[in-house]
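Text of data.csv (CSV, C-alpha atoms and all ligand atoms) as supplied:
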chain,number,residue,atom,x,y,z
A,9,MET,CA,-6.6,2.3,-34.7
A,10,LYS,CA,-7.1,4.6,-31.7
A,11,ILE,CA,-9.7,2.3,-30.2
A,12,THR,CA,-7.5,-0.8,-30.3
A,13,ARG,CA,-4.7,1.2,-28.7
A,14,GLN,CA,-7.0,2.2,-25.9
A,15,LYS,CA,-8.3,-1.4,-25.5
A,16,HIS,CA,-4.7,-2.7,-25.2
A,17,ALA,CA,-3.9,-0.1,-22.6
A,18,LYS,CA,-7.0,-1.0,-20.6
A,19,ARG,CA,-6.2,-4.7,-20.7
A,20,ASN,CA,-2.5,-4.1,-19.7
A,21,MET,CA,-3.6,-1.8,-16.9
A,22,GLY,CA,-5.9,-4.5,-15.6
A,23,PHE,CA,-2.9,-6.9,-15.6
A,24,TYR,CA,-0.8,-4.5,-13.4
A,25,LYS,CA,-3.7,-3.6,-11.1
A,26,TYR,CA,-4.8,-7.2,-10.5
A,27,ASN,CA,-1.4,-8.9,-10.3
A,28,PHE,CA,0.9,-6.1,-8.9
A,29,GLY,CA,-1.5,-3.9,-6.9
A,30,PHE,CA,-1.3,-0.8,-9.0
A,31,ARG,CA,-3.8,1.9,-8.2
A,32,GLU,CA,-4.6,5.6,-8.7
A,33,PRO,CA,-3.0,8.0,-8.7
A,34,PHE,CA,-0.6,6.1,-11.0
A,35,GLN,CA,3.0,7.1,-10.3
A,36,VAL,CA,5.0,7.7,-13.6
A,37,LEU,CA,8.7,8.3,-13.4
A,38,LEU,CA,9.8,10.2,-16.5
A,39,ASP,CA,13.4,10.7,-17.8
A,40,GLY,CA,14.9,13.3,-20.1
A,41,THR,CA,14.6,11.2,-23.3
A,42,PHE,CA,10.8,10.8,-22.8
A,43,CYS,CA,10.4,14.6,-22.2
A,44,GLN,CA,12.5,15.3,-25.3
A,45,ALA,CA,10.4,12.9,-27.5
A,46,ALA,CA,7.2,14.5,-26.1
A,47,LEU,CA,8.4,17.9,-27.0
A,48,ARG,CA,9.4,16.9,-30.6
A,49,ASN,CA,6.1,15.1,-31.2
A,50,LYS,CA,4.1,17.9,-29.6
A,51,ILE,CA,2.6,15.6,-27.0
A,52,GLN,CA,1.0,17.1,-23.9
A,53,ILE,CA,2.0,14.4,-21.3
A,54,ARG,CA,-0.1,15.8,-18.5
A,55,GLU,CA,-3.2,16.0,-20.6
A,56,GLN,CA,-2.9,12.7,-22.5
A,57,LEU,CA,-1.6,10.3,-19.9
A,58,PRO,CA,-4.5,10.1,-17.4
A,59,GLY,CA,-7.0,9.4,-20.2
A,60,TYR,CA,-4.7,6.8,-21.7
A,61,LEU,CA,-4.0,5.0,-18.4
A,62,GLY,CA,-7.6,5.4,-17.3
A,63,GLY,CA,-7.1,7.2,-14.1
A,64,ALA,CA,-5.4,10.0,-12.1
A,65,THR,CA,-1.7,10.1,-12.8
A,66,GLN,CA,1.2,11.6,-10.9
A,67,LEU,CA,4.1,12.7,-13.1
A,68,CYS,CA,7.4,12.6,-11.3
A,69,THR,CA,11.2,12.5,-11.8
A,70,THR,CA,14.3,12.5,-9.8
A,71,ARG,CA,17.0,15.0,-8.9
A,72,CYS,CA,19.5,12.9,-10.9
A,73,VAL,CA,17.4,13.2,-14.1
A,74,LEU,CA,17.2,17.0,-13.7
A,75,LYS,CA,20.9,17.3,-13.0
A,76,GLU,CA,21.7,15.3,-16.1
A,77,LEU,CA,19.4,17.4,-18.3
A,78,GLU,CA,21.1,20.6,-16.9
A,79,SER,CA,24.5,19.2,-17.8
A,80,LEU,CA,23.5,18.4,-21.3
A,81,GLY,CA,22.9,22.1,-22.1
A,82,LYS,CA,21.0,23.9,-24.8
A,83,GLU,CA,19.9,21.0,-26.8
A,84,LEU,CA,17.8,19.6,-24.0
A,85,TYR,CA,16.7,22.9,-22.5
A,86,GLY,CA,13.0,22.3,-23.6
A,87,ALA,CA,13.0,18.8,-22.1
A,88,LYS,CA,14.5,20.2,-18.9
A,89,LEU,CA,11.7,22.8,-18.7
A,90,ILE,CA,9.1,20.0,-19.0
A,91,ALA,CA,10.8,17.8,-16.4
A,92,GLN,CA,11.1,20.6,-13.9
A,93,ARG,CA,7.3,20.8,-13.6
A,94,PHE,CA,7.1,17.2,-12.3
A,95,GLN,CA,7.3,16.1,-8.7
A,96,VAL,CA,10.8,15.4,-7.6
A,97,ARG,CA,11.0,12.0,-5.9
A,98,HIS,CA,13.7,11.3,-3.3
A,99,CYS,CA,16.5,9.0,-4.6
A,100,SER,CA,19.5,7.6,-2.8
A,101,HIS,CA,22.0,9.7,-4.7
A,102,PHE,CA,21.7,13.0,-2.8
A,103,LYS,CA,25.4,13.5,-2.4
A,104,SER,CA,26.7,12.1,-5.7
A,105,PRO,CA,24.2,12.3,-8.6
A,106,VAL,CA,24.2,9.4,-11.1
A,107,SER,CA,23.0,9.2,-14.6
A,108,GLY,CA,19.2,9.4,-15.2
A,109,SER,CA,18.9,5.8,-16.3
A,110,THR,CA,20.9,4.4,-13.4
A,111,CYS,CA,18.8,6.5,-11.0
A,112,LEU,CA,15.4,5.5,-12.5
A,113,LEU,CA,16.5,1.8,-12.4
A,114,SER,CA,17.3,2.2,-8.7
A,115,MET,CA,13.9,3.7,-8.0
A,116,THR,CA,12.2,0.4,-8.9
A,117,GLU,CA,14.5,-1.9,-7.0
A,118,GLY,CA,13.1,-4.6,-4.8
A,119,ASP,CA,9.9,-5.5,-6.7
A,120,ASN,CA,8.9,-1.9,-7.4
A,121,PRO,CA,7.4,-1.1,-3.9
A,122,HIS,CA,6.1,2.3,-4.9
A,123,HIS,CA,4.4,1.0,-8.1
A,124,TYR,CA,6.3,3.2,-10.5
A,125,PHE,CA,5.7,3.3,-14.2
A,126,THR,CA,8.9,4.1,-16.1
A,127,ALA,CA,8.6,6.4,-19.1
A,128,THR,CA,11.7,6.4,-21.3
A,129,GLN,CA,13.0,6.4,-24.8
A,130,ASP,CA,16.3,4.9,-23.7
A,131,GLN,CA,16.4,1.4,-25.1
A,132,THR,CA,19.2,0.2,-22.7
A,133,LEU,CA,17.1,1.3,-19.7
A,134,ALA,CA,13.9,-0.2,-21.2
A,135,THR,CA,15.7,-3.6,-21.7
A,136,LYS,CA,16.8,-3.5,-18.0
A,137,ILE,CA,13.3,-2.5,-16.9
A,138,LYS,CA,11.8,-5.4,-18.9
A,139,LYS,CA,14.0,-7.9,-17.1
A,140,ARG,CA,12.3,-7.0,-13.8
A,141,ALA,CA,8.7,-8.0,-13.0
A,142,GLY,CA,5.9,-5.5,-12.3
A,143,ILE,CA,7.2,-2.3,-13.9
A,144,PRO,CA,5.0,-0.9,-16.6
A,145,LEU,CA,7.0,0.7,-19.4
A,146,LEU,CA,5.8,3.8,-21.3
A,147,PHE,CA,7.4,5.1,-24.5
A,148,ILE,CA,6.5,7.3,-27.4
A,149,ILE,CA,6.2,5.9,-30.9
A,150,GLN,CA,4.7,7.5,-34.0
A,151,ASN,CA,3.5,10.6,-32.2
A,152,THR,CA,1.7,8.6,-29.5
A,153,ILE,CA,2.3,7.4,-26.0
A,154,VAL,CA,2.3,3.6,-25.7
A,155,LEU,CA,2.1,1.4,-22.6
A,156,ASP,CA,4.2,-1.6,-23.4
A,157,LYS,CA,2.7,-5.0,-23.1
A,158,PRO,CA,3.7,-6.9,-19.9
A,159,SER,CA,7.3,-8.1,-20.1
A,160,ALA,CA,8.2,-11.8,-20.2
A,161,ALA,CA,9.6,-11.3,-16.6
A,162,SER,CA,6.2,-9.9,-15.4
A,163,LEU,CA,4.3,-12.8,-17.1
A,164,ALA,CA,6.7,-15.4,-15.6
A,165,SER,CA,6.3,-13.8,-12.2
A,166,VAL,CA,2.5,-14.0,-12.3
A,167,GLN,CA,2.7,-17.5,-13.7
A,168,ALA,CA,4.9,-18.5,-10.7
A,169,MET,CA,2.5,-16.9,-8.3
A,170,GLN,CA,-0.4,-18.8,-9.7
A,171,THR,CA,1.3,-22.2,-10.0
A,172,ASN,CA,2.8,-22.0,-6.5
A,173,LYS,CA,-0.4,-20.5,-5.2
A,174,LEU,CA,1.6,-17.7,-3.7
A,175,ILE,CA,-0.4,-14.7,-2.7
A,176,PRO,CA,0.7,-11.2,-3.8
A,177,GLU,CA,1.9,-9.0,-1.0
A,178,HIS,CA,-1.0,-6.5,-1.4
A,179,GLN,CA,-3.5,-9.3,-1.2
A,180,LYS,CA,-1.8,-10.8,1.9
A,181,GLU,CA,-2.4,-7.5,3.7
A,182,SER,CA,-6.0,-7.4,2.8
A,183,ILE,CA,-6.5,-11.0,3.8
A,184,SER,CA,-5.0,-10.4,7.3
A,185,ARG,CA,-7.2,-7.3,7.6
A,186,LEU,CA,-10.2,-9.3,6.7
A,187,LYS,CA,-9.3,-12.0,9.2
A,188,GLU,CA,-9.1,-9.4,12.0
A,189,GLU,CA,-12.5,-7.9,10.9
A,190,GLN,CA,-14.1,-11.3,10.9
A,191,GLY,CA,-12.8,-12.0,14.4
A,192,LEU,CA,-10.5,-14.9,13.3
A,193,VAL,CA,-7.3,-13.7,14.8
A,194,LYS,CA,-7.0,-10.9,17.4
A,195,PRO,CA,-10.5,-10.7,18.9
A,196,LEU,CA,-10.2,-14.2,20.4
A,197,GLU,CA,-7.1,-13.2,22.3
A,198,ALA,CA,-8.8,-10.1,23.6
A,199,LYS,CA,-11.8,-12.1,24.9
A,200,LYS,CA,-9.5,-14.5,26.8
A,201,ARG,CA,-7.8,-11.6,28.6
A,202,LYS,CA,-11.1,-10.1,29.6
A,203,ARG,CA,-12.4,-13.4,31.0
A,204,LYS,CA,-9.3,-13.6,33.3
A,205,ARG,CA,-9.9,-10.0,34.6
A,206,ILE,CA,-13.5,-10.8,35.5
A,207,ALA,CA,-12.6,-14.0,37.3
A,208,GLY,CA,-9.7,-12.3,39.3
A,209,PRO,CA,-11.2,-9.4,41.3
A,210,ASN,CA,-14.1,-11.2,42.9
A,211,PRO,CA,-12.2,-13.6,45.2
A,212,LEU,CA,-9.8,-10.9,46.2
A,213,SER,CA,-12.6,-8.5,47.2
A,214,CYS,CA,-14.2,-11.2,49.2
A,215,LEU,CA,-11.0,-11.6,51.2
A,216,LYS,CA,-10.7,-7.9,52.1
A,217,LYS,CA,-14.3,-7.8,53.4
A,218,LYS,CA,-13.6,-10.7,55.8
A,219,LYS,CA,-10.7,-8.8,57.3
A,220,LYS,CA,-12.5,-5.4,57.9
A,221,LYS,CA,-15.6,-6.4,59.9
A,222,GLY,CA,-16.7,-2.8,60.5
A,223,GLN,CA,-17.2,-2.1,56.8
A,224,GLU,CA,-19.1,-5.3,56.0
A,225,ALA,CA,-22.4,-3.5,56.0
A,226,THR,CA,-21.5,-0.9,53.4
A,227,GLN,CA,-19.1,-2.8,51.1
A,228,PRO,CA,-21.3,-5.7,49.8
A,229,THR,CA,-23.8,-3.3,48.2
A,230,THR,CA,-21.0,-1.5,46.2
A,231,THR,CA,-19.5,-4.8,45.0
A,232,LYS,CA,-22.9,-6.0,44.0
A,233,LYS,CA,-23.4,-2.9,41.8
A,234,LYS,CA,-20.1,-3.5,40.0
A,235,VAL,CA,-21.0,-7.2,39.4
A,236,ASN,CA,-24.3,-6.2,38.0
A,237,ARG,CA,-22.7,-3.8,35.5
A,238,LYS,CA,-20.4,-6.5,34.3
A,239,ARG,CA,-23.2,-9.0,34.0
A,240,ASN,CA,-25.1,-6.6,31.7
A,241,LYS,CA,-22.1,-6.0,29.5
A,242,ARG,CA,-21.2,-9.6,28.9
A,243,LYS,CA,-24.1,-11.9,28.5
A,244,PRO,CA,-22.1,-15.1,27.9
A,245,GLU,CA,-20.3,-14.6,31.2
A,246,THR,CA,-23.5,-14.6,33.3
A,247,THR,CA,-23.1,-18.2,34.5
A,248,ALA,CA,-19.6,-17.5,35.7
A,249,GLY,CA,-20.7,-14.2,37.2
A,250,ILE,CA,-23.6,-15.6,39.2
A,251,VAL,CA,-21.6,-18.3,41.0
A,252,GLN,CA,-19.2,-15.9,42.7
A,253,PRO,CA,-21.6,-13.2,43.9
A,254,GLY,CA,-23.8,-16.1,45.2
A,255,SER,CA,-20.9,-17.3,47.4
A,256,GLN,CA,-20.3,-13.7,48.6
A,257,ASN,CA,-23.9,-13.4,49.7
A,258,ALA,CA,-23.7,-16.7,51.6
A,259,GLU,CA,-20.7,-15.5,53.5
A,260,ALA,CA,-22.2,-12.1,54.3
A,301,ZN,ZN,19.2,9.6,-8.2

Translate the structure described by the file into structure tokens.
Amino acid sequence: MKITRQKHAKRNMGFYKYNFGFREPFQVLLDGTFCQAALRNKIQIREQLPGYLGGATQLCTTRCVLKELESLGKELYGAKLIAQRFQVRHCSHFKSPVSGSTCLLSMTEGDNPHHYFTATQDQTLATKIKKRAGIPLLFIIQNTIVLDKPSAASLASVQAMQTNKLIPEHQKESISRLKEEQGLVKPLEAKKRKRKRIAGPNPLSCLKKKKKKGQEATQPTTTKKKVNRKRNKRKPETTAGIVQPGSQNAEA
């Protein structure tokens, strides 16, 4: 029983890691209902969750969730104590707090950019979360924490990505990074600029030498040294480099 539960969790975690770019430490947003259920079922969230999700886990909540728990008074005092130990993540309701469920829903807006898990016992919130793609849902059932299987919306989103051959955002980033590393994008531009710089100075320095006849004896030696340095640095440029110093020597 326990082994199959762990296996399902591992498979579901793989789904979110591969398709939506989830990685450690896993960010879990918890609400008051989840804390209350954990308290009732004597579940140590902090101890159990990392093992179940298979990696380091960051438990967090929002100011709105804490405010709501405070307002609900004695009955949820224990849940409030649990929630207070979590990291408080910044939400957009600083001036006017909203309900915990509204706040948690807002935290995953726009394709869940911070890769939050949502941990709740609130069925209304869970239904809304499931309608969005890429938000893993955690709840407590029969004294155990359960990671819900990917929602229809998540599956449909992945299906759409595969059929349209769209690349997930996190993969696009790594592709562009790889392209730069392999020299497919920016290095080419840089090389072109450098070539222009090398070709430029030589004709100009030749002109100056012609004007100042008195310094002719000293200057050519210095310019030669500079040219030699450049030649050593860039082997492919040697043919271009040789032609210009050659013409200098002929003039001098
Ligand atoms: Zn809020």

Neighbourhood of ligand ZN 301 (chain A) at 8 Å, counting all atoms listed in the file, reported as a list of chain:residue names: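 Result of the 8 Å neighbour search around ligand ZN 301 (chain A): A:Thr70, A:Arg71, A:Cys72, A:Val73, A:His98, A:Cys99, A:Ser100, A:His101, A:Phe102, A:Pro105, A:Val106, A:Ser107, A:Gly108, A:Thr110, A:Cys111, A:Leu112, A:Ser114, A:Met115.
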
Atomic distance CA of Leu155 (chain A) - CA of Ser79 (chain A), expressed in Å with one decimal: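 Between these atoms lies a distance of 29.0 Å.
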
Selection: 12 Å around Ser159 (chain A), all atoms listed in the file, excl. self and same-chain fewer than 3 positions, as a VMD selection string: chain A and resid 20 23 to 24 134 to 145 155 to 156 162 to 166

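Note that the spacing between CA of Thr126 (chain A) and CA of Ile11 (chain A) amounts to 23.4 Å.
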
Contacts of His122 (chain A) at 12 Å (all atoms listed in the file; same-chain gap of 5+ positions) as a VMD selection string: chain A and resid 28 to 37 97 to 98 114 to 117 142 to 143 178

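In this model, the gap between CA of Thr69 (chain A) and CA of Ala17 (chain A) comes to 22.4 Å.
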
Counting all atoms listed in the file, the option among A:Leu67, A:Leu57, A:Leu192, A:Leu74 closest to Lys88 (chain A):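 Counting all atoms listed in the file, the residue closest to Lys88 (chain A) is A:Leu74.
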
Nearest-residue call for Lys18 (chain A), choices A:Gly40, A:Gly63, A:Gly81, A:Pro121, using all atoms listed in the file: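 For Lys18 (chain A), the nearest of the candidates is A:Gly63.
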
Surrounding residues of Ala45 (chain A) excluding itself and chain neighbours under 4 positions, 10 Å, all atoms listed in the file, as an MDAnalysis selection string: chainID A and resid 40:41 49:51 87 128:129 147:149 151:153

Residue among A:Gln95, A:Ala127, A:Lys187, A:Leu38 lying closest to Val154 (chain A), counting all atoms listed in the file: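 Residue with the minimum atom-to-atom distance to Val154 (chain A): A:Ala127.
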
Nearest-residue call for Tyr60 (chain A), choices A:Arg48, A:Gln92, A:Met21, A:Lys75, using all atoms listed in the file: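 Closest residue, counting all atoms listed in the file: A:Met21.
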